[in-house]
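Printed here is work_25.pdb (PDB, C-alpha atoms):
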```
ATOM      1  CA  MET A   1      42.800  -6.778  73.802
ATOM      2  CA  ILE A   2      43.096  -7.942  77.433
ATOM      3  CA  ASN A   3      46.328  -9.742  78.256
ATOM      4  CA  TYR A   4      47.092 -11.772  81.404
ATOM      5  CA  VAL A   5      50.492 -11.019  82.966
ATOM      6  CA  TYR A   6      51.701 -13.287  85.785
ATOM      7  CA  GLN A   7      53.837 -11.054  87.987
ATOM      8  CA  LEU A   8      55.998 -11.846  90.964
ATOM      9  CA  VAL A   9      54.891  -9.215  93.504
ATOM     10  CA  ALA A  10      57.064 -10.499  96.363
ATOM     11  CA  PRO A  11      59.345 -13.520  96.800
ATOM     12  CA  GLY A  12      57.187 -16.623  96.463
ATOM     13  CA  THR A  13      54.046 -14.626  95.609
ATOM     14  CA  PHE A  14      52.468 -14.246  92.156
ATOM     15  CA  SER A  15      49.568 -12.057  91.120
ATOM     16  CA  VAL A  16      47.746 -11.830  87.800
ATOM     17  CA  LYS A  17      47.671  -8.380  86.196
ATOM     18  CA  TYR A  18      45.116  -7.686  83.494
ATOM     19  CA  GLU A  19      46.338  -5.128  81.006
ATOM     20  CA  GLU A  20      44.982  -3.605  77.838
ATOM     21  CA  ALA A  21      47.535  -4.597  75.205
ATOM     22  CA  GLN A  22      48.028  -2.711  71.969
ATOM     23  CA  PHE A  23      49.433  -5.110  69.381
ATOM     24  CA  GLU A  24      48.917  -3.154  66.156
ATOM     25  CA  SER A  25      52.590  -2.372  65.393
ATOM     26  CA  GLN A  26      54.308  -5.491  66.752
ATOM     27  CA  VAL A  27      54.302  -9.241  66.216
ATOM     28  CA  ILE A  28      51.885 -11.172  68.439
ATOM     29  CA  ILE A  29      53.321 -14.417  69.819
ATOM     30  CA  LYS A  30      51.758 -17.182  71.868
ATOM     31  CA  PRO A  31      54.387 -18.568  74.292
ATOM     32  CA  ARG A  32      54.742 -22.355  74.019
ATOM     33  CA  TYR A  33      57.767 -23.495  76.053
ATOM     34  CA  MET A  34      59.787 -21.706  78.730
ATOM     35  CA  SER A  35      62.866 -22.408  80.831
ATOM     36  CA  ILE A  36      63.740 -21.205  84.332
ATOM     37  CA  CYS A  37      67.039 -19.382  84.829
ATOM     38  CA  HIS A  38      69.017 -18.991  88.069
ATOM     39  CA  ALA A  39      68.202 -15.277  87.857
ATOM     40  CA  ASP A  40      64.470 -16.110  87.975
ATOM     41  CA  GLN A  41      65.077 -18.286  91.024
ATOM     42  CA  ARG A  42      66.955 -15.511  92.827
ATOM     43  CA  TYR A  43      63.918 -13.259  92.449
ATOM     44  CA  TYR A  44      61.457 -16.020  93.332
ATOM     45  CA  THR A  45      63.331 -17.056  96.479
ATOM     46  CA  GLY A  46      64.243 -13.488  97.494
ATOM     47  CA  GLN A  47      67.994 -13.955  97.169
ATOM     48  CA  ARG A  48      68.471 -10.487  95.676
ATOM     49  CA  GLU A  49      69.098  -7.477  97.900
ATOM     50  CA  ARG A  50      65.972  -5.932  99.371
ATOM     51  CA  SER A  51      66.595  -2.637  97.569
ATOM     52  CA  ILE A  52      66.721  -4.461  94.210
ATOM     53  CA  LEU A  53      63.513  -6.373  94.913
ATOM     54  CA  ASP A  54      61.747  -3.161  95.956
ATOM     55  CA  ARG A  55      62.857  -1.468  92.742
ATOM     56  CA  LYS A  56      62.098  -4.267  90.262
ATOM     57  CA  LEU A  57      58.966  -5.955  91.627
ATOM     58  CA  PRO A  58      56.199  -6.482  90.642
ATOM     59  CA  MET A  59      57.549  -8.121  87.481
ATOM     60  CA  ALA A  60      56.787 -11.102  85.258
ATOM     61  CA  LEU A  61      59.663 -13.576  85.287
ATOM     62  CA  ILE A  62      61.213 -15.771  82.539
ATOM     63  CA  HIS A  63      63.464 -14.629  79.701
ATOM     64  CA  GLU A  64      64.034 -18.032  78.054
ATOM     65  CA  CYS A  65      61.106 -18.760  75.776
ATOM     66  CA  CYS A  66      59.970 -19.983  72.379
ATOM     67  CA  GLY A  67      56.559 -19.451  70.876
ATOM     68  CA  GLU A  68      54.267 -19.428  67.890
ATOM     69  CA  VAL A  69      53.556 -16.401  65.723
ATOM     70  CA  LEU A  70      49.887 -15.436  65.713
ATOM     71  CA  PHE A  71      50.104 -12.260  63.636
ATOM     72  CA  ASP A  72      52.825 -10.097  62.129
ATOM     73  CA  PRO A  73      51.610  -6.740  60.756
ATOM     74  CA  SER A  74      54.785  -6.452  58.649
ATOM     75  CA  GLY A  75      54.115  -9.772  56.904
ATOM     76  CA  LYS A  76      57.712 -10.945  57.401
ATOM     77  CA  LEU A  77      56.645 -13.782  59.702
ATOM     78  CA  LYS A  78      53.763 -16.091  58.898
ATOM     79  CA  SER A  79      51.081 -17.221  61.307
ATOM     80  CA  GLY A  80      52.101 -20.526  62.907
ATOM     81  CA  GLU A  81      55.875 -20.050  62.507
ATOM     82  CA  GLU A  82      57.908 -21.169  65.520
ATOM     83  CA  VAL A  83      60.322 -18.579  66.914
ATOM     84  CA  VAL A  84      62.609 -17.958  69.862
ATOM     85  CA  LEU A  85      62.185 -14.655  71.675
ATOM     86  CA  ILE A  86      65.023 -12.200  72.327
ATOM     87  CA  PRO A  87      64.577 -10.484  75.716
ATOM     88  CA  ASN A  88      66.911  -7.560  74.988
ATOM     89  CA  VAL A  89      65.345  -4.113  74.629
ATOM     90  CA  PRO A  90      67.808  -2.169  72.440
ATOM     91  CA  GLY A  91      69.330   1.025  73.797
ATOM     92  CA  GLU A  92      71.601   3.523  72.061
ATOM     93  CA  HIS A  93      72.736   2.242  68.656
ATOM     94  CA  SER A  94      76.480   1.911  68.138
ATOM     95  CA  ASP A  95      78.644   0.341  65.454
ATOM     96  CA  ILE A  96      81.119  -0.637  68.182
ATOM     97  CA  ILE A  97      79.214  -1.319  71.414
ATOM     98  CA  LEU A  98      77.177  -4.531  71.231
ATOM     99  CA  GLU A  99      73.439  -4.333  71.862
ATOM    100  CA  ASN A 100      73.536  -6.175  75.189
ATOM    101  CA  TYR A 101      75.997  -3.621  76.617
ATOM    102  CA  ALA A 102      74.582  -0.443  75.045
ATOM    103  CA  LYS A 103      73.578   2.467  77.226
ATOM    104  CA  GLY A 104      69.842   2.605  77.781
ATOM    105  CA  ALA A 105      69.327  -1.073  76.927
ATOM    106  CA  GLY A 106      66.754  -3.056  78.887
ATOM    107  CA  PHE A 107      66.115  -6.706  79.562
ATOM    108  CA  LEU A 108      62.804  -8.492  79.974
ATOM    109  CA  SER A 109      62.483 -10.160  83.407
ATOM    110  CA  SER A 110      65.022  -7.718  84.859
ATOM    111  CA  GLY A 111      63.145  -4.534  85.625
ATOM    112  CA  ARG A 112      60.614  -5.146  82.845
ATOM    113  CA  ASP A 113      57.976  -7.846  82.495
ATOM    114  CA  GLY A 114      59.351 -11.122  81.182
ATOM    115  CA  PHE A 115      57.521 -13.809  79.226
ATOM    116  CA  LEU A 116      55.115 -15.170  81.867
ATOM    117  CA  ARG A 117      52.176 -13.768  79.934
ATOM    118  CA  GLU A 118      49.240 -15.092  77.954
ATOM    119  CA  PHE A 119      50.372 -13.259  74.816
ATOM    120  CA  ILE A 120      53.579 -11.394  73.981
ATOM    121  CA  SER A 121      54.164  -8.567  71.529
ATOM    122  CA  LEU A 122      57.662  -7.862  70.234
ATOM    123  CA  PRO A 123      59.270  -6.093  67.273
ATOM    124  CA  GLU A 124      60.015  -8.459  64.402
ATOM    125  CA  ASP A 125      63.786  -8.135  64.931
ATOM    126  CA  ARG A 126      63.397  -9.621  68.448
ATOM    127  CA  LEU A 127      62.342 -12.970  66.980
ATOM    128  CA  VAL A 128      64.429 -15.736  65.367
ATOM    129  CA  ARG A 129      63.018 -18.791  63.573
ATOM    130  CA  HIS A 130      64.151 -22.174  64.906
ATOM    131  CA  GLU A 131      63.238 -24.700  62.204
ATOM    132  CA  GLY A 132      64.678 -28.125  62.905
ATOM    133  CA  ILE A 133      64.886 -27.610  66.672
ATOM    134  CA  PRO A 134      62.198 -29.164  68.922
ATOM    135  CA  GLN A 135      60.335 -26.633  71.054
ATOM    136  CA  LYS A 136      61.559 -28.237  74.282
ATOM    137  CA  LEU A 137      65.135 -27.498  73.242
ATOM    138  CA  ALA A 138      64.355 -24.176  71.569
ATOM    139  CA  ALA A 139      63.160 -22.912  74.956
ATOM    140  CA  ILE A 140      66.794 -22.678  76.137
ATOM    141  CA  THR A 141      68.095 -20.869  73.035
ATOM    142  CA  GLU A 142      68.675 -17.691  75.039
ATOM    143  CA  PHE A 143      70.869 -19.682  77.421
ATOM    144  CA  VAL A 144      72.839 -21.166  74.528
ATOM    145  CA  SER A 145      73.171 -17.706  72.969
ATOM    146  CA  VAL A 146      74.899 -16.448  76.123
ATOM    147  CA  ALA A 147      77.573 -19.103  75.602
ATOM    148  CA  ALA A 148      77.739 -18.281  71.890
ATOM    149  CA  HIS A 149      78.264 -14.618  72.768
ATOM    150  CA  SER A 150      81.174 -15.378  75.098
ATOM    151  CA  ILE A 151      82.871 -17.493  72.433
ATOM    152  CA  ARG A 152      82.369 -14.763  69.821
ATOM    153  CA  ARG A 153      84.076 -12.230  72.101
ATOM    154  CA  PHE A 154      86.805 -14.728  73.014
ATOM    155  CA  ASP A 155      87.505 -15.344  69.334
ATOM    156  CA  CYS A 156      88.020 -11.613  68.742
ATOM    157  CA  ILE A 157      90.191 -10.976  71.792
ATOM    158  CA  SER A 158      92.328 -14.033  72.559
ATOM    159  CA  HIS A 159      95.672 -14.826  70.953
ATOM    160  CA  GLY A 160      96.012 -17.713  68.520
ATOM    161  CA  ILE A 161      97.567 -20.281  70.852
ATOM    162  CA  ARG A 162      94.491 -22.300  71.793
ATOM    163  CA  ASN A 163      95.893 -25.748  72.424
ATOM    164  CA  ARG A 164      94.266 -26.150  75.847
ATOM    165  CA  ILE A 165      91.137 -24.319  77.007
ATOM    166  CA  GLY A 166      89.868 -24.777  80.554
ATOM    167  CA  VAL A 167      86.206 -24.487  81.565
ATOM    168  CA  TRP A 168      85.592 -24.058  85.308
ATOM    169  CA  GLY A 169      82.208 -25.283  86.536
ATOM    170  CA  ASP A 170      80.095 -28.416  86.209
ATOM    171  CA  GLY A 171      76.608 -26.927  85.805
ATOM    172  CA  SER A 172      74.451 -26.230  82.771
ATOM    173  CA  LEU A 173      76.394 -23.113  81.685
ATOM    174  CA  SER A 174      79.745 -24.905  81.634
ATOM    175  CA  PHE A 175      78.077 -27.845  79.847
ATOM    176  CA  ILE A 176      76.897 -25.553  77.031
ATOM    177  CA  VAL A 177      80.162 -23.575  76.857
ATOM    178  CA  ALA A 178      82.298 -26.718  76.692
ATOM    179  CA  ASN A 179      80.053 -28.191  73.988
ATOM    180  CA  LEU A 180      80.265 -25.089  71.827
ATOM    181  CA  LEU A 181      84.021 -24.793  72.317
ATOM    182  CA  LYS A 182      84.360 -28.331  70.950
ATOM    183  CA  GLN A 183      82.387 -27.253  67.871
ATOM    184  CA  ALA A 184      84.178 -23.931  67.431
ATOM    185  CA  TYR A 185      87.728 -25.231  68.043
ATOM    186  CA  PRO A 186      87.854 -28.939  67.139
ATOM    187  CA  GLY A 187      91.658 -28.907  67.289
ATOM    188  CA  SER A 188      91.770 -27.654  70.889
ATOM    189  CA  GLU A 189      91.726 -29.733  74.047
ATOM    190  CA  ILE A 190      88.740 -28.774  76.207
ATOM    191  CA  ILE A 191      89.288 -29.525  79.907
ATOM    192  CA  VAL A 192      86.431 -29.160  82.401
ATOM    193  CA  ILE A 193      87.188 -28.532  86.082
ATOM    194  CA  GLY A 194      84.389 -29.072  88.601
ATOM    195  CA  LYS A 195      83.530 -30.094  92.142
ATOM    196  CA  ASN A 196      80.744 -32.640  91.636
ATOM    197  CA  PRO A 197      81.768 -36.059  90.239
ATOM    198  CA  GLY A 198      78.170 -36.864  89.301
ATOM    199  CA  LYS A 199      77.779 -33.725  87.215
ATOM    200  CA  LEU A 200      81.215 -34.128  85.645
ATOM    201  CA  SER A 201      80.148 -37.566  84.414
ATOM    202  CA  TYR A 202      77.881 -35.796  81.885
ATOM    203  CA  PHE A 203      80.894 -34.194  80.168
ATOM    204  CA  THR A 204      81.809 -37.274  78.158
ATOM    205  CA  PHE A 205      82.562 -35.146  75.087
ATOM    206  CA  ALA A 206      85.315 -33.177  76.842
ATOM    207  CA  ASP A 207      88.943 -34.180  76.356
ATOM    208  CA  GLU A 208      89.428 -34.326  80.111
ATOM    209  CA  THR A 209      87.478 -33.701  83.338
ATOM    210  CA  ILE A 210      89.225 -32.946  86.621
ATOM    211  CA  LEU A 211      87.948 -32.481  90.159
ATOM    212  CA  ARG A 212      89.068 -29.104  91.441
ATOM    213  CA  ASP A 213      90.572 -30.624  94.587
ATOM    214  CA  GLU A 214      92.720 -32.880  92.419
ATOM    215  CA  LEU A 215      94.194 -30.248  90.088
ATOM    216  CA  PRO A 216      97.897 -31.107  89.691
ATOM    217  CA  ALA A 217     100.384 -28.348  90.444
ATOM    218  CA  GLN A 218     101.795 -28.544  86.906
ATOM    219  CA  PHE A 219      98.363 -28.203  85.232
ATOM    220  CA  GLU A 220      98.377 -25.555  82.456
ATOM    221  CA  ILE A 221      95.864 -24.037  80.072
ATOM    222  CA  ASP A 222      96.155 -21.311  77.437
ATOM    223  CA  HIS A 223      92.751 -19.705  78.082
ATOM    224  CA  ALA A 224      89.870 -20.169  80.492
ATOM    225  CA  PHE A 225      86.102 -19.747  80.862
ATOM    226  CA  GLU A 226      84.764 -19.204  84.384
ATOM    227  CA  CYS A 227      81.186 -20.545  84.574
ATOM    228  CA  CYS A 228      80.723 -20.978  88.323
ATOM    229  CA  GLY A 229      79.207 -17.820  89.746
ATOM    230  CA  GLY A 230      78.214 -17.317  93.362
ATOM    231  CA  ASP A 231      80.760 -18.257  96.004
ATOM    232  CA  GLY A 232      82.451 -20.557  93.507
ATOM    233  CA  SER A 233      83.673 -17.611  91.431
ATOM    234  CA  TYR A 234      86.478 -16.816  93.879
ATOM    235  CA  TYR A 235      87.938 -20.324  93.821
ATOM    236  CA  ALA A 236      87.565 -20.665  90.056
ATOM    237  CA  ILE A 237      89.275 -17.336  89.363
ATOM    238  CA  GLU A 238      92.027 -18.212  91.823
ATOM    239  CA  ASP A 239      92.649 -21.530  90.052
ATOM    240  CA  ILE A 240      92.581 -19.931  86.624
ATOM    241  CA  ILE A 241      95.132 -17.254  87.526
ATOM    242  CA  ASN A 242      97.403 -19.899  89.044
ATOM    243  CA  HIS A 243      97.294 -22.295  86.094
ATOM    244  CA  ILE A 244      96.842 -20.136  82.973
ATOM    245  CA  ASN A 245      99.785 -19.425  80.693
ATOM    246  CA  PRO A 246     101.066 -15.871  80.129
ATOM    247  CA  GLN A 247      98.840 -13.545  78.100
ATOM    248  CA  GLY A 248      95.905 -15.919  78.326
ATOM    249  CA  THR A 249      92.323 -14.715  78.100
ATOM    250  CA  VAL A 250      89.942 -15.269  81.011
ATOM    251  CA  MET A 251      86.221 -15.115  80.196
ATOM    252  CA  LEU A 252      84.159 -14.339  83.303
ATOM    253  CA  MET A 253      80.567 -15.586  82.935
ATOM    254  CA  GLY A 254      79.389 -16.583  86.413
ATOM    255  CA  VAL A 255      77.208 -14.084  88.295
ATOM    256  CA  SER A 256      78.008 -13.424  91.949
ATOM    257  CA  GLU A 257      75.960 -11.311  94.354
ATOM    258  CA  ASN A 258      79.065 -10.647  96.444
ATOM    259  CA  ARG A 259      82.394  -9.002  95.687
ATOM    260  CA  VAL A 260      85.083 -11.422  94.554
ATOM    261  CA  ALA A 261      88.755 -10.967  95.481
ATOM    262  CA  VAL A 262      91.170 -11.201  92.539
ATOM    263  CA  ASN A 263      94.939 -11.682  92.702
ATOM    264  CA  THR A 264      95.767  -8.665  90.529
ATOM    265  CA  ARG A 265      99.524  -9.073  91.052
ATOM    266  CA  ASP A 266      99.581 -12.300  89.031
ATOM    267  CA  VAL A 267      97.090 -10.905  86.529
ATOM    268  CA  LEU A 268      99.554  -8.108  85.838
ATOM    269  CA  GLU A 269     102.658 -10.284  85.878
ATOM    270  CA  LYS A 270     101.148 -12.725  83.395
ATOM    271  CA  GLY A 271      99.619  -9.988  81.238
ATOM    272  CA  LEU A 272      96.194 -11.625  81.329
ATOM    273  CA  ALA A 273      93.112 -10.308  79.557
ATOM    274  CA  VAL A 274      90.113 -10.625  81.889
ATOM    275  CA  ILE A 275      86.827 -10.185  80.007
ATOM    276  CA  GLY A 276      83.325  -9.907  81.427
ATOM    277  CA  SER A 277      80.679 -11.550  79.247
ATOM    278  CA  SER A 278      76.965 -11.181  79.902
ATOM    279  CA  ARG A 279      73.757 -11.856  78.004
ATOM    280  CA  SER A 280      73.682 -11.811  74.195
ATOM    281  CA  GLY A 281      72.311 -10.136  71.070
ATOM    282  CA  ARG A 282      70.490 -11.096  67.902
ATOM    283  CA  ALA A 283      73.668 -12.276  66.153
ATOM    284  CA  ASP A 284      74.313 -14.638  69.067
ATOM    285  CA  PHE A 285      70.764 -16.014  68.893
ATOM    286  CA  GLU A 286      71.223 -16.711  65.196
ATOM    287  CA  GLN A 287      74.540 -18.451  65.880
ATOM    288  CA  ALA A 288      72.960 -20.444  68.715
ATOM    289  CA  VAL A 289      70.129 -21.627  66.451
ATOM    290  CA  SER A 290      72.689 -22.645  63.826
ATOM    291  CA  TRP A 291      74.644 -24.715  66.368
ATOM    292  CA  MET A 292      71.482 -26.194  67.896
ATOM    293  CA  LYS A 293      70.427 -27.691  64.563
ATOM    294  CA  ASN A 294      73.238 -30.194  65.000
ATOM    295  CA  GLU A 295      71.537 -33.465  66.010
ATOM    296  CA  ARG A 296      74.449 -34.605  68.192
ATOM    297  CA  PHE A 297      74.310 -31.323  70.099
ATOM    298  CA  GLN A 298      70.528 -31.736  70.462
ATOM    299  CA  ARG A 299      71.029 -35.148  72.060
ATOM    300  CA  ARG A 300      73.525 -33.657  74.486
ATOM    301  CA  LEU A 301      71.188 -30.795  75.355
ATOM    302  CA  ASP A 302      68.436 -33.301  76.038
ATOM    303  CA  MET A 303      70.666 -34.817  78.745
ATOM    304  CA  ILE A 304      70.591 -31.643  80.858
ATOM    305  CA  ILE A 305      66.913 -30.742  80.442
ATOM    306  CA  PHE A 306      64.240 -31.735  82.933
ATOM    307  CA  GLU A 307      60.792 -31.302  81.368
ATOM    308  CA  ASP A 308      58.185 -30.484  83.975
ATOM    309  CA  GLU A 309      54.456 -30.953  83.457
ATOM    310  CA  LYS A 310      52.425 -28.369  81.547
ATOM    311  CA  VAL A 311      51.965 -25.111  83.457
ATOM    312  CA  SER A 312      48.316 -24.043  83.389
ATOM    313  CA  SER A 313      47.796 -22.135  86.666
ATOM    314  CA  VAL A 314      49.582 -20.024  89.257
ATOM    315  CA  GLU A 315      49.858 -23.160  91.390
ATOM    316  CA  ASP A 316      51.651 -24.841  88.490
ATOM    317  CA  ILE A 317      54.120 -21.932  88.287
ATOM    318  CA  HIS A 318      54.984 -22.472  91.952
ATOM    319  CA  ARG A 319      55.413 -26.198  91.296
ATOM    320  CA  ALA A 320      57.794 -25.574  88.390
ATOM    321  CA  PHE A 321      59.954 -23.229  90.478
ATOM    322  CA  ARG A 322      60.052 -25.704  93.365
ATOM    323  CA  MET A 323      61.010 -28.534  91.013
ATOM    324  CA  ASP A 324      63.736 -26.401  89.448
ATOM    325  CA  ARG A 325      65.469 -25.975  92.800
ATOM    326  CA  ASN A 326      65.902 -29.754  92.950
ATOM    327  CA  THR A 327      67.061 -30.136  89.343
ATOM    328  CA  PRO A 328      70.830 -30.129  88.705
ATOM    329  CA  PHE A 329      70.572 -28.536  85.253
ATOM    330  CA  LYS A 330      67.738 -26.855  83.271
ATOM    331  CA  THR A 331      63.980 -26.986  83.886
ATOM    332  CA  VAL A 332      61.707 -26.586  80.842
ATOM    333  CA  PHE A 333      57.922 -26.549  80.821
ATOM    334  CA  GLU A 334      55.113 -26.203  78.319
ATOM    335  CA  TRP A 335      53.119 -23.006  78.830
ATOM    336  CA  GLY A 336      49.413 -23.839  78.756
ATOM    337  CA  LEU A 337      47.837 -20.584  79.923
TER     338      LEU A 337
END
```
Take the structure in the file and write it out as structure tokens.
Amino acid sequence: MINYVYQLVAPGTFSVKYEEAQFESQVIIKPRYMSICHADQRYYTGQRERSILDRKLPMALIHECCGEVLFDPSGKLKSGEEVVLIPNVPGEHSDIILENYAKGAGFLSSGRDGFLREFISLPEDRLVRHEGIPQKLAAITEFVSVAAHSIRRFDCISHGIRNRIGVWGDGSLSFIVANLLKQAYPGSEIIVIGKNPGKLSYFTFADETILRDELPAQFEIDHAFECCGGDGSYYAIEDIINHINPQGTVMLMGVSENRVAVNTRDVLEKGLAVIGSSRSGRADFEQAVSWMKNERFQRRLDMIIFEDEKVSSVEDIHRAFRMDRNTPFKTVFEWGL
């Protein structure tokens, strides 16, 4: 069977690769909706280091996707069932190390072809049903699962005083994290700290929103989630260390291409636990789907999604990536190829 794979061969340049696909032992899925991640944009715009681009390209982008099952040789999934796709390629199995951190693990759209393909084949355990969730929203399940993963790790590591939890950032990641924290810890105050008043206006569900420049000196939180990334990571981490109570847990989620200075003296004096959280696993996808079935949460997700027109050509792919750069939150599109 000939499959069309739409690969980024250089920043801003796509090429179609025709490959002979062997689907006998895996589930065949037709992609339906996809979402663009900041990581995709960094490849598309060439914001990664040249050595990384040389090593990873050519490569099909996109790791946020939902689709329709065409055929499952195992019979566990029926033709026509709607599923979200897990981009993790499992590495060494461990009863302790989670699948997204395991040695030898891979990730689709990071060194391996992502979901910009005509058809996709995956093992059955890389697929999760999403009944009750519209496809437009299901497309960002991977993104929601990343937040679910960070909260799962936070729940295992942090101490039980969770009266006030701070979320630094006013983008789509902080929006999801703050939403899920409200569901997971209804008795906690969730405070969002950001720099953009317009974006902060979307966080109506939070107990409080504060502009970073207006943080009062006496402001305190028990734990914190850093969701800024980029150059904003430094300022967010600095604020968190200054305002967090002793023995608080700091969840680092924002990706930065540059090294970030950390005030280790205060980290040590306060006895802080600083935890890196990246990507997610099947259990997190299942938890994300469970949370996303909540209709109130669906309405909130709809607020941060920009649905572009159907993508049916390479020119359309370029259009979607250009539109995404001008969208404050998440870009979703129907895949029509």
* Atom pair atom CA of A:Leu8 / atom CA of A:Ser172: separation (Å) ->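 It comes out at 24.8 Å.
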* **Radius query 12 Å about (72.7, -10.7, 93.4), atoms used: only C-alpha atoms, as a PyMOL selection string** => chain A and resi 38-43+45-53+110+229-231+254-259
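Among the candidates A:Ala236, A:Asp125, A:Gly106, A:Glu220, the one nearest to A:Gly169 when counting all atoms listed in the file is A:Ala236.
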* Rank nothing, just name the residue among A:Tyr18, A:Phe321, A:Phe115, A:Tyr234 nearest to A:Met34, using only C-alpha atoms. =>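 Comparing A:Tyr18, A:Phe321, A:Phe115, A:Tyr234 against A:Met34, the winner is A:Phe115.
For the atom pair formed by atom CA of A:Val177 and atom CA of A:Glu124, the distance is 28.1 Å, given to one decimal.
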* To do: Pick out the residues sitting within 8 Å of stretch 71-80 of chain A, and hand them over as a PyMOL selection string; count only C-alpha atoms, and ignore anything fewer than 6 positions along from it in its own chain.
  => chain A and resi 24-29+124
* To do: Let me know the residues the PyMOL selection byres ((chain A and resi 288-290) around 8) catches in the file above, as a ChimeraX atom specification.
  => /A:130,133,141,144-145,148,284-287,291-294
Saved selection, atoms kept: C-alpha atoms, as a PDB file, in the coordinates of the input:
```pdb
ATOM      1  CA  HIS A 130      64.151 -22.174  64.906  1.00  0.00           C
ATOM      2  CA  ILE A 133      64.886 -27.610  66.672  1.00  0.00           C
ATOM      3  CA  THR A 141      68.095 -20.869  73.035  1.00  0.00           C
ATOM      4  CA  VAL A 144      72.839 -21.166  74.528  1.00  0.00           C
ATOM      5  CA  SER A 145      73.171 -17.706  72.969  1.00  0.00           C
ATOM      6  CA  ALA A 148      77.739 -18.281  71.890  1.00  0.00           C
ATOM      7  CA  ASP A 284      74.313 -14.638  69.067  1.00  0.00           C
ATOM      8  CA  PHE A 285      70.764 -16.014  68.893  1.00  0.00           C
ATOM      9  CA  GLU A 286      71.223 -16.711  65.196  1.00  0.00           C
ATOM     10  CA  GLN A 287      74.540 -18.451  65.880  1.00  0.00           C
ATOM     11  CA  TRP A 291      74.644 -24.715  66.368  1.00  0.00           C
ATOM     12  CA  MET A 292      71.482 -26.194  67.896  1.00  0.00           C
ATOM     13  CA  LYS A 293      70.427 -27.691  64.563  1.00  0.00           C
ATOM     14  CA  ASN A 294      73.238 -30.194  65.000  1.00  0.00           C
TER      15      ASN A 294
END
```
* For each of A:Phe297, A:Asn263, A:Pro197, A:Tyr235, take the minimum atom-to-atom distance to A:Ala178, counting all atoms listed in the file, then give the residue where this is smallest. => A:Phe297
Which centre and which edge lengths, in Å to one decimal, describe the axis-aligned box that holds all listed atoms of stretch 19-29 of chain A after 3 Å is added on each side, as lines of an AutoDock Vina configuration file?
```
center_x = 49.6
center_y = -8.4
center_z = 73.2
size_x = 15.3
size_y = 18.0
size_z = 21.6
```
* Of the candidates A:Lys199, A:Ser312, A:Ser174, A:Tyr185, which one gets nearest to A:Leu252 if we count only C-alpha atoms? ->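 Smallest distance to A:Leu252 is found for A:Ser174.
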* Run through the PyMOL selection byres ((chain A and resi 150) around 8) on the given coordinates and return the selected residues as a ChimeraX atom specification. => /A:146-149,151-154,251,253,277-278
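Residue membership of the PyMOL selection byres ((chain A and resi 105) around 8) in the shown file amounts to Asn88, Val89, Pro90, Gly91, Glu92, Glu99, Asn100, Tyr101, Ala102, Lys103, Gly104, Gly106 and Phe107 of chain A.
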